[in-house]
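Source file: model_25.txt (compact mmCIF, C-alpha atoms (C1' of nucleotides))
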# COMPACT_ATOMS: atom_id res chain seq x y z
CA MET A 1 35.77 -2.80 -6.09
CA VAL A 2 33.87 -0.86 -3.63
CA ASP A 3 33.82 -2.44 -0.29
CA ASP A 4 30.38 -3.83 -0.29
CA SER A 5 30.67 -5.61 2.99
CA GLY A 6 27.54 -3.83 4.05
CA VAL A 7 25.95 -4.15 0.66
CA ARG A 8 22.89 -2.85 2.27
CA PRO A 9 20.22 -2.19 -0.32
CA HIS A 10 20.40 1.43 -1.31
CA ASN A 11 16.92 1.88 -0.22
CA ILE A 12 15.55 1.04 3.16
CA ARG A 13 11.84 0.76 3.32
CA MET A 14 11.05 1.81 6.83
CA SER A 15 7.49 1.85 7.89
CA ASP A 16 6.33 4.22 10.53
CA PRO A 17 3.13 3.28 12.32
CA ILE A 18 0.85 5.52 10.27
CA SER A 19 2.18 4.12 7.04
CA LEU A 20 1.48 0.63 8.32
CA VAL A 21 -2.08 1.56 9.16
CA PHE A 22 -2.78 3.14 5.79
CA ALA A 23 -1.12 0.26 3.98
CA ALA A 24 -3.22 -2.20 5.95
CA LEU A 25 -6.37 -0.28 5.03
CA SER A 26 -5.48 -0.19 1.36
CA ASP A 27 -6.71 -3.71 0.73
CA PRO A 28 -10.43 -4.45 0.32
CA THR A 29 -10.12 -7.88 1.89
CA ARG A 30 -8.57 -6.40 4.99
CA ARG A 31 -11.17 -3.66 5.20
CA ALA A 32 -13.86 -6.31 4.91
CA ILE A 33 -12.22 -8.25 7.72
CA LEU A 34 -12.17 -5.19 9.93
CA THR A 35 -15.81 -4.58 9.19
CA MET A 36 -16.64 -8.14 10.15
CA LEU A 37 -14.74 -7.69 13.39
CA LEU A 38 -16.83 -4.64 14.16
CA GLU A 39 -19.63 -7.06 14.87
CA ASP A 40 -17.75 -9.48 17.05
CA ASP A 41 -14.45 -11.13 17.82
CA MET A 42 -13.79 -14.04 15.54
CA ALA A 43 -11.53 -17.04 15.11
CA VAL A 44 -9.21 -17.07 12.12
CA THR A 45 -11.13 -19.85 10.38
CA ASP A 46 -14.39 -18.00 10.80
CA VAL A 47 -12.86 -14.83 9.44
CA ALA A 48 -11.74 -16.80 6.41
CA GLN A 49 -15.16 -18.35 5.87
CA PRO A 50 -16.75 -15.81 3.51
CA PHE A 51 -13.66 -15.27 1.38
CA ALA A 52 -12.77 -17.13 -1.76
CA MET A 53 -9.16 -17.55 -0.81
CA SER A 54 -7.04 -19.86 1.24
CA LEU A 55 -6.78 -19.84 4.99
CA ALA A 56 -3.11 -19.07 4.66
CA ALA A 57 -3.88 -15.92 2.71
CA ILE A 58 -6.32 -14.75 5.35
CA SER A 59 -3.81 -15.61 8.01
CA LYS A 60 -1.32 -13.31 6.32
CA HIS A 61 -3.86 -10.53 6.07
CA LEU A 62 -4.57 -10.89 9.76
CA GLY A 63 -0.85 -10.73 10.38
CA LEU A 64 -0.61 -7.42 8.56
CA LEU A 65 -3.60 -6.07 10.43
CA ALA A 66 -2.00 -7.12 13.69
CA ASP A 67 1.32 -5.54 12.67
CA ALA A 68 -0.51 -2.32 12.04
CA GLY A 69 -2.09 -2.64 15.45
CA LEU A 70 -5.58 -2.66 13.98
CA ILE A 71 -6.41 -5.98 15.54
CA SER A 72 -5.03 -8.09 18.34
CA GLN A 73 -4.87 -11.85 18.31
CA GLU A 74 -5.14 -14.05 21.34
CA LYS A 75 -4.68 -17.78 21.16
CA ARG A 76 -6.95 -19.79 23.40
CA GLY A 77 -6.55 -23.48 22.98
CA ARG A 78 -6.16 -24.19 19.32
CA VAL A 79 -8.20 -21.28 18.12
CA LYS A 80 -6.83 -17.79 17.76
CA TRP A 81 -9.29 -15.03 18.43
CA CYS A 82 -9.11 -11.79 16.52
CA LYS A 83 -10.27 -8.59 18.11
CA LEU A 84 -10.64 -5.16 16.59
CA GLU A 85 -8.35 -2.49 18.06
CA PRO A 86 -9.93 0.71 16.79
CA ASP A 87 -7.52 2.91 18.69
CA ALA A 88 -4.86 2.18 16.13
CA LEU A 89 -6.92 4.13 13.66
CA SER A 90 -6.79 7.30 15.63
CA ALA A 91 -3.34 8.44 14.53
CA ALA A 92 -4.25 7.94 10.90
CA SER A 93 -7.61 9.55 11.45
CA VAL A 94 -6.03 12.53 13.14
CA TRP A 95 -3.67 12.84 10.23
CA MET A 96 -6.55 12.88 7.79
CA GLN A 97 -8.45 15.48 9.72
CA GLY A 98 -5.74 17.93 8.79
CA PHE A 99 -7.19 17.91 5.34
CA GLY A 100 -10.65 18.32 6.68
CA GLN A 101 -11.81 21.02 4.37
CA PHE A 102 -14.40 18.51 3.27
CA GLU A 103 -17.70 18.13 4.99
CA PRO A 104 -17.57 16.81 8.53
CA VAL A 105 -18.74 13.24 7.97
CA ASP A 106 -21.93 12.37 6.26
CA LEU A 107 -23.51 9.86 8.59
CA ASP A 108 -25.82 8.68 5.89
CA ALA A 109 -22.92 7.91 3.61
CA LEU A 110 -21.28 6.18 6.53
CA GLU A 111 -24.17 3.81 6.99
CA ARG A 112 -24.25 3.02 3.32
CA PHE A 113 -20.54 2.31 3.38
CA ILE A 114 -20.68 -0.03 6.32
CA GLU A 115 -23.62 -1.74 4.75
CA SER A 116 -21.92 -2.17 1.42
CA GLU A 117 -18.70 -3.37 2.99
CA LEU A 118 -20.61 -5.94 5.00
CA HIS A 119 -22.48 -7.49 2.11
CA GLY A 120 -21.40 -5.51 -0.86
CA ASP A 121 -22.55 -7.88 -3.58
CA GLU A 122 -26.20 -8.02 -2.66
CA PRO A 123 -28.44 -5.34 -4.03
CA SER A 124 -29.41 -3.70 -0.80
CA ASP A 125 -32.73 -2.51 -2.03
CA MET B 126 -10.61 -26.25 -22.67
CA VAL B 127 -11.89 -23.12 -21.19
CA ASP B 128 -8.39 -21.83 -21.45
CA ASP B 129 -9.18 -18.38 -22.62
CA SER B 130 -6.00 -17.83 -24.53
CA GLY B 131 -5.74 -14.57 -22.71
CA VAL B 132 -3.78 -16.52 -20.10
CA ARG B 133 -4.98 -13.90 -17.76
CA PRO B 134 -3.04 -13.94 -14.51
CA HIS B 135 -5.00 -15.87 -11.96
CA ASN B 136 -5.23 -12.85 -9.86
CA ILE B 137 -6.44 -9.48 -10.94
CA ARG B 138 -5.53 -6.69 -8.65
CA MET B 139 -8.35 -4.27 -9.04
CA SER B 140 -8.27 -1.12 -7.09
CA ASP B 141 -11.42 0.57 -6.01
CA PRO B 142 -11.15 4.27 -5.25
CA ILE B 143 -10.85 3.89 -1.49
CA SER B 144 -8.05 1.40 -1.84
CA LEU B 145 -6.24 3.83 -4.10
CA VAL B 146 -6.58 6.59 -1.54
CA PHE B 147 -5.34 4.49 1.35
CA ALA B 148 -2.49 3.13 -0.74
CA ALA B 149 -1.52 6.65 -1.72
CA LEU B 150 -1.53 7.70 1.92
CA SER B 151 0.59 4.76 2.98
CA ASP B 152 3.82 6.40 1.88
CA PRO B 153 5.51 9.04 4.04
CA THR B 154 6.87 10.92 1.05
CA ARG B 155 3.42 11.24 -0.41
CA ARG B 156 1.95 12.34 2.91
CA ALA B 157 4.66 14.94 3.15
CA ILE B 158 3.83 16.15 -0.33
CA LEU B 159 0.17 16.46 0.57
CA THR B 160 1.09 18.40 3.66
CA MET B 161 3.21 20.75 1.60
CA LEU B 162 0.33 21.27 -0.77
CA LEU B 163 -1.86 22.23 2.15
CA GLU B 164 0.08 25.46 2.18
CA ASP B 165 -0.07 26.25 -1.49
CA ASP B 166 -0.19 24.91 -5.01
CA MET B 167 3.23 23.98 -6.25
CA ALA B 168 5.11 23.09 -9.40
CA VAL B 169 6.57 19.59 -9.64
CA THR B 170 10.15 20.79 -9.34
CA ASP B 171 9.32 22.78 -6.23
CA VAL B 172 7.58 19.81 -4.70
CA ALA B 173 10.71 17.76 -5.33
CA GLN B 174 12.95 20.38 -3.79
CA PRO B 175 13.08 19.22 -0.16
CA PHE B 176 13.35 15.53 -0.94
CA ALA B 177 16.52 13.54 -1.31
CA MET B 178 15.35 11.68 -4.36
CA SER B 179 15.16 12.20 -8.06
CA LEU B 180 12.63 14.35 -9.82
CA ALA B 181 11.40 11.30 -11.66
CA ALA B 182 10.61 9.60 -8.38
CA ILE B 183 8.63 12.59 -7.18
CA SER B 184 6.88 12.74 -10.51
CA LYS B 185 5.76 9.15 -10.01
CA HIS B 186 4.54 9.91 -6.51
CA LEU B 187 2.54 12.81 -7.87
CA GLY B 188 1.13 10.48 -10.48
CA LEU B 189 -0.11 8.11 -7.81
CA LEU B 190 -1.58 10.95 -5.81
CA ALA B 191 -3.37 12.17 -8.91
CA ASP B 192 -4.62 8.66 -9.68
CA ALA B 193 -6.08 8.51 -6.22
CA GLY B 194 -7.70 11.87 -6.84
CA LEU B 195 -5.88 13.44 -3.93
CA ILE B 196 -4.32 16.09 -6.12
CA SER B 197 -4.97 17.52 -9.54
CA GLN B 198 -2.30 18.61 -11.96
CA GLU B 199 -2.67 21.40 -14.43
CA LYS B 200 0.01 22.15 -16.94
CA ARG B 201 0.52 25.81 -17.62
CA GLY B 202 3.34 26.49 -20.01
CA ARG B 203 6.13 24.15 -19.17
CA VAL B 204 5.36 23.87 -15.51
CA LYS B 205 2.77 21.55 -14.09
CA TRP B 206 0.97 22.84 -11.07
CA CYS B 207 -0.15 20.50 -8.34
CA LYS B 208 -3.20 21.29 -6.31
CA LEU B 209 -4.57 19.51 -3.29
CA GLU B 210 -7.98 17.91 -3.77
CA PRO B 211 -9.06 17.22 -0.23
CA ASP B 212 -12.48 15.95 -1.24
CA ALA B 213 -10.92 12.71 -2.35
CA LEU B 214 -10.18 12.02 1.28
CA SER B 215 -13.78 12.12 2.30
CA ALA B 216 -14.70 8.60 1.25
CA ALA B 217 -11.75 7.17 3.10
CA SER B 218 -12.43 9.39 6.04
CA VAL B 219 -16.04 8.33 6.12
CA TRP B 220 -14.96 4.73 6.03
CA MET B 221 -12.67 5.27 8.98
CA GLN B 222 -15.32 6.99 11.02
CA GLY B 223 -17.13 3.68 11.16
CA PHE B 224 -14.50 2.55 13.61
CA GLY B 225 -14.78 5.75 15.54
CA GLN B 226 -14.85 4.31 19.01
CA PHE B 227 -11.75 6.36 19.61
CA GLU B 228 -11.86 9.87 20.85
CA PRO B 229 -13.21 12.49 18.46
CA VAL B 230 -9.98 14.05 17.26
CA ASP B 231 -7.47 15.64 19.50
CA LEU B 232 -6.80 18.99 17.89
CA ASP B 233 -3.63 19.38 19.82
CA ALA B 234 -2.33 16.11 18.47
CA LEU B 235 -3.40 17.25 15.05
CA GLU B 236 -1.27 20.36 15.21
CA ARG B 237 1.71 18.38 16.39
CA PHE B 238 1.23 15.97 13.53
CA ILE B 239 1.04 18.61 10.87
CA GLU B 240 4.03 20.27 12.39
CA SER B 241 6.08 17.11 12.47
CA GLU B 242 5.07 16.16 8.96
CA LEU B 243 6.05 19.56 7.70
CA HIS B 244 9.54 19.67 9.10
CA GLY B 245 9.94 16.54 11.08
CA ASP B 246 13.70 16.49 11.20
CA GLU B 247 14.42 20.10 11.98
CA PRO B 248 14.12 21.33 15.49
CA SER B 249 11.00 23.36 15.05
CA ASP B 250 12.19 26.11 17.30
C1' DC C 251 17.76 29.46 -33.85
C1' DG C 252 19.75 27.16 -30.18
C1' DC C 253 20.13 26.63 -25.19
C1' DT C 254 18.22 25.54 -20.93
C1' DA C 255 14.65 24.40 -17.80
C1' DA C 256 10.51 21.39 -16.52
C1' DT C 257 8.74 17.11 -16.79
C1' DT C 258 7.97 12.61 -18.32
C1' DC C 259 9.36 8.19 -20.42
C1' DA C 260 11.73 3.85 -20.61
C1' DA C 261 14.49 0.50 -18.96
C1' DC C 262 16.21 -1.42 -15.14
C1' DC C 263 16.80 -3.12 -10.19
C1' DA C 264 15.46 -4.74 -5.50
C1' DT C 265 12.02 -5.62 -2.51
C1' DA C 266 7.11 -5.89 -1.09
C1' DT C 267 2.53 -7.80 -1.70
C1' DG C 268 -1.08 -11.03 -2.50
C1' DG C 269 -1.92 -15.25 -3.65
C1' DT C 270 -1.09 -20.51 -4.12
C1' DT C 271 0.08 -25.31 -2.31
C1' DG C 272 1.87 -28.65 0.81
C1' DA C 273 4.00 -29.80 5.05
C1' DC C 274 4.10 -29.09 9.81
C1' DG C 275 3.11 -28.16 15.02
C1' DA C 276 -0.41 -27.85 18.33
C1' DT C 277 -4.65 -29.03 20.32
C1' DT C 278 -8.84 -31.29 21.01
C1' DC C 279 -11.77 -35.32 20.58
C1' DC C 280 -12.90 -40.21 20.29
C1' DG D 281 -2.83 -43.24 20.81
C1' DG D 282 -4.57 -41.66 16.55
C1' DA D 283 -7.42 -38.74 13.77
C1' DA D 284 -9.40 -34.44 12.75
C1' DT D 285 -9.07 -29.33 13.35
C1' DC D 286 -6.75 -24.82 13.71
C1' DG D 287 -3.38 -22.13 12.24
C1' DT D 288 1.27 -20.98 10.60
C1' DC D 289 5.40 -21.82 7.85
C1' DA D 290 8.06 -22.28 3.68
C1' DA D 291 8.66 -22.19 -0.94
C1' DC D 292 7.05 -20.50 -4.93
C1' DC D 293 4.83 -17.32 -8.54
C1' DA D 294 3.23 -12.93 -10.66
C1' DT D 295 2.74 -8.34 -10.21
C1' DA D 296 3.21 -3.85 -7.79
C1' DT D 297 6.07 -0.39 -5.67
C1' DG D 298 9.79 2.72 -4.96
C1' DG D 299 13.77 3.99 -6.50
C1' DT D 300 17.64 4.81 -10.08
C1' DT D 301 19.62 6.68 -14.59
C1' DG D 302 19.60 8.53 -19.13
C1' DA D 303 17.19 9.95 -23.08
C1' DA D 304 13.17 12.32 -25.00
C1' DT D 305 9.72 15.99 -25.05
C1' DT D 306 8.04 20.44 -24.59
C1' DA D 307 8.22 25.29 -23.67
C1' DG D 308 10.26 29.62 -22.62
C1' DC D 309 14.46 32.72 -23.28
C1' DG D 310 18.32 35.40 -25.27
As structure tokens, please, write out the structure in this file.
Amino acid sequence: MVDDSGVRPHNIRMSDPISLVFAALSDPTRRAILTMLLEDDMAVTDVAQPFAMSLAAISKHLGLLADAGLISQEKRGRVKWCKLEPDALSAASVWMQGFGQFEPVDLDALERFIESELHGDEPSD
Amino acid sequence: MVDDSGVRPHNIRMSDPISLVFAALSDPTRRAILTMLLEDDMAVTDVAQPFAMSLAAISKHLGLLADAGLISQEKRGRVKWCKLEPDALSAASVWMQGFGQFEPVDLDALERFIESELHGDEPSD
DNA sequence: CGCTAATTCAACCATATGGTTGACGATTCC
DNA sequence: GGAATCGTCAACCATATGGTTGAATTAGCG
């Protein structure tokens, strides 16, 4: 048979930094987490608080966000603090600007978005 | 019991529009396709041309991009034309701007990005 | 009409993702 | 020291993703 000593899967999924960032942003839970971190640094348990899922799940999400460079995590004592790292967004943002035929950021829409991400289920009005 | 014979998987993966857009952008092939479409509308086969993967694979990528609203596809005769729909990016872009503590878009970096996405492997000179 | 080109479909495969639970390693507190 | 708290790890499950191949569909061409 073919020498499959390498047997390496025919298909290597390599993830460049931008792909990681976009992938991280593609989940609503993670976007919500980022939005929460806009307000302040938080401990993992506190991040998990509002979500209807296990701590472990949130921990994984935070891991992905950290992998993408979108947050940093610093362990002090037994609590691990999560801090937003908005710079990681810049590469992705720059990439998107290339398609910037659309209007140059509707600040009003922006506010509504942030608002709805923060407490999306409550009728804001 | 409440067992709603639908045995519905405990976990429904719903994808809001923004998630779809970010997910679509999280793949380098798809970003490359979008970049190509920046230049001009293209037929599926032509899109597939530069890539080392099957037509079917590209067709699926285009499907995802269309689902996310990032492109539209119009079939004329037997060829299907793909057209960039940059407006779909605006929601995602607006979302990202909320984290806009980073510098307001380095146009130089932008050019380099577009350039490297267009023909990343060939010496551009 | 029959061929060929353009594209999708269907089945399949491997790996990634998002979630669960339960055990575990640290750390703080009494 | 022992118990509670913080967080991750490991194993598991279901589904999604990214790719393949080959067959089917549809449309133009000689």
Item to check | Exercise answer, chain A residues close to chain C, 7 Å and all atoms listed in the file, as a PyMOL selection string | outcome: chain A and resi 57+77-78
Checklist entry - Between D:DG310, D:DG287, D:DG302, D:DG282, which one has atoms that come closest to chain B, using only C-alpha atoms (C1' of nucleotides)? => result D:DG302
Checklist outcome for this item: With distances taken over all atoms listed in the file, the candidate from A:Leu84, A:Pro17, A:Ala24, A:Trp95 nearest Met36 of chain A is A:Leu84
Report the closest atom pair, with its distance in Å rounded to one decimal, for each residue of chain A that has an atom no farther than 8 Å from chain D; count all atoms listed in the file, sort by chain and then rising residue number, and write it as a tab-separated table.
residue	atom	partner	partner_atom	distance
A:Asn11	CA	D:DG299	C1'	7.3
A:Val44	CA	D:DG287	C1'	7.7
A:Thr45	CA	D:DC286	C1'	7.4
A:Ala56	CA	D:DT288	C1'	7.6
A:Ser59	CA	D:DG287	C1'	7.8
A:Arg78	CA	D:DC286	C1'	5.7
A:Val79	CA	D:DC286	C1'	5.8
A:Lys80	CA	D:DG287	C1'	7.8
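With distances taken over all atoms listed in the file, B:Val146 is the one residue among B:Ala168, B:Met178, B:Val146, B:Leu189 lying closest to chain A.
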Item to check | For Pro211 of chain B: contacts at 12 Å, all atoms listed in the file, fewer than 3 positions along chain excluded, given as a ChimeraX atom specification | outcome: /A:96-103 /B:146,159-160,162-163,190-191,193-197,208,214-218
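Distances here use all atoms listed in the file; by that measure, the residue among A:Ala88, A:Ser15, A:Asp41, A:Ile58 closest to Asp27 of chain A is A:Ile58.
Nearest to chain B of all the residues A:Asp67, A:Arg31, A:Lys75, A:Cys82 is A:Arg31, counting only C-alpha atoms.
Going from atom CA of Leu187 of chain B over to atom CA of Ala148 of chain B, you cover 13.0 Å.
Each of B:Glu199, B:Asp165, B:Asp171, B:Asp141 was checked against chain A using only C-alpha atoms; the smallest atom-to-atom distance is that of B:Asp141.
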Checklist outcome for this item: atom CA of Glu85 of chain A sits from atom CA of Ser26 of chain A at a separation of 17.1 Å
Work out where the centre of an axis-aligned box around every listed atom of segment 259-274 of chain C lies and how long its edges are once 8 Å is added on each side; give both in Å to one decimal as lines of an AutoDock Vina configuration file.
center_x = 7.4
center_y = -10.8
center_z = -5.4
size_x = 34.7
size_y = 54.0
size_z = 46.4
Checklist outcome for this item: Expressed in Å, the length from atom CA of Ser144 of chain B to atom CA of Ser19 of chain A is 13.8 Å
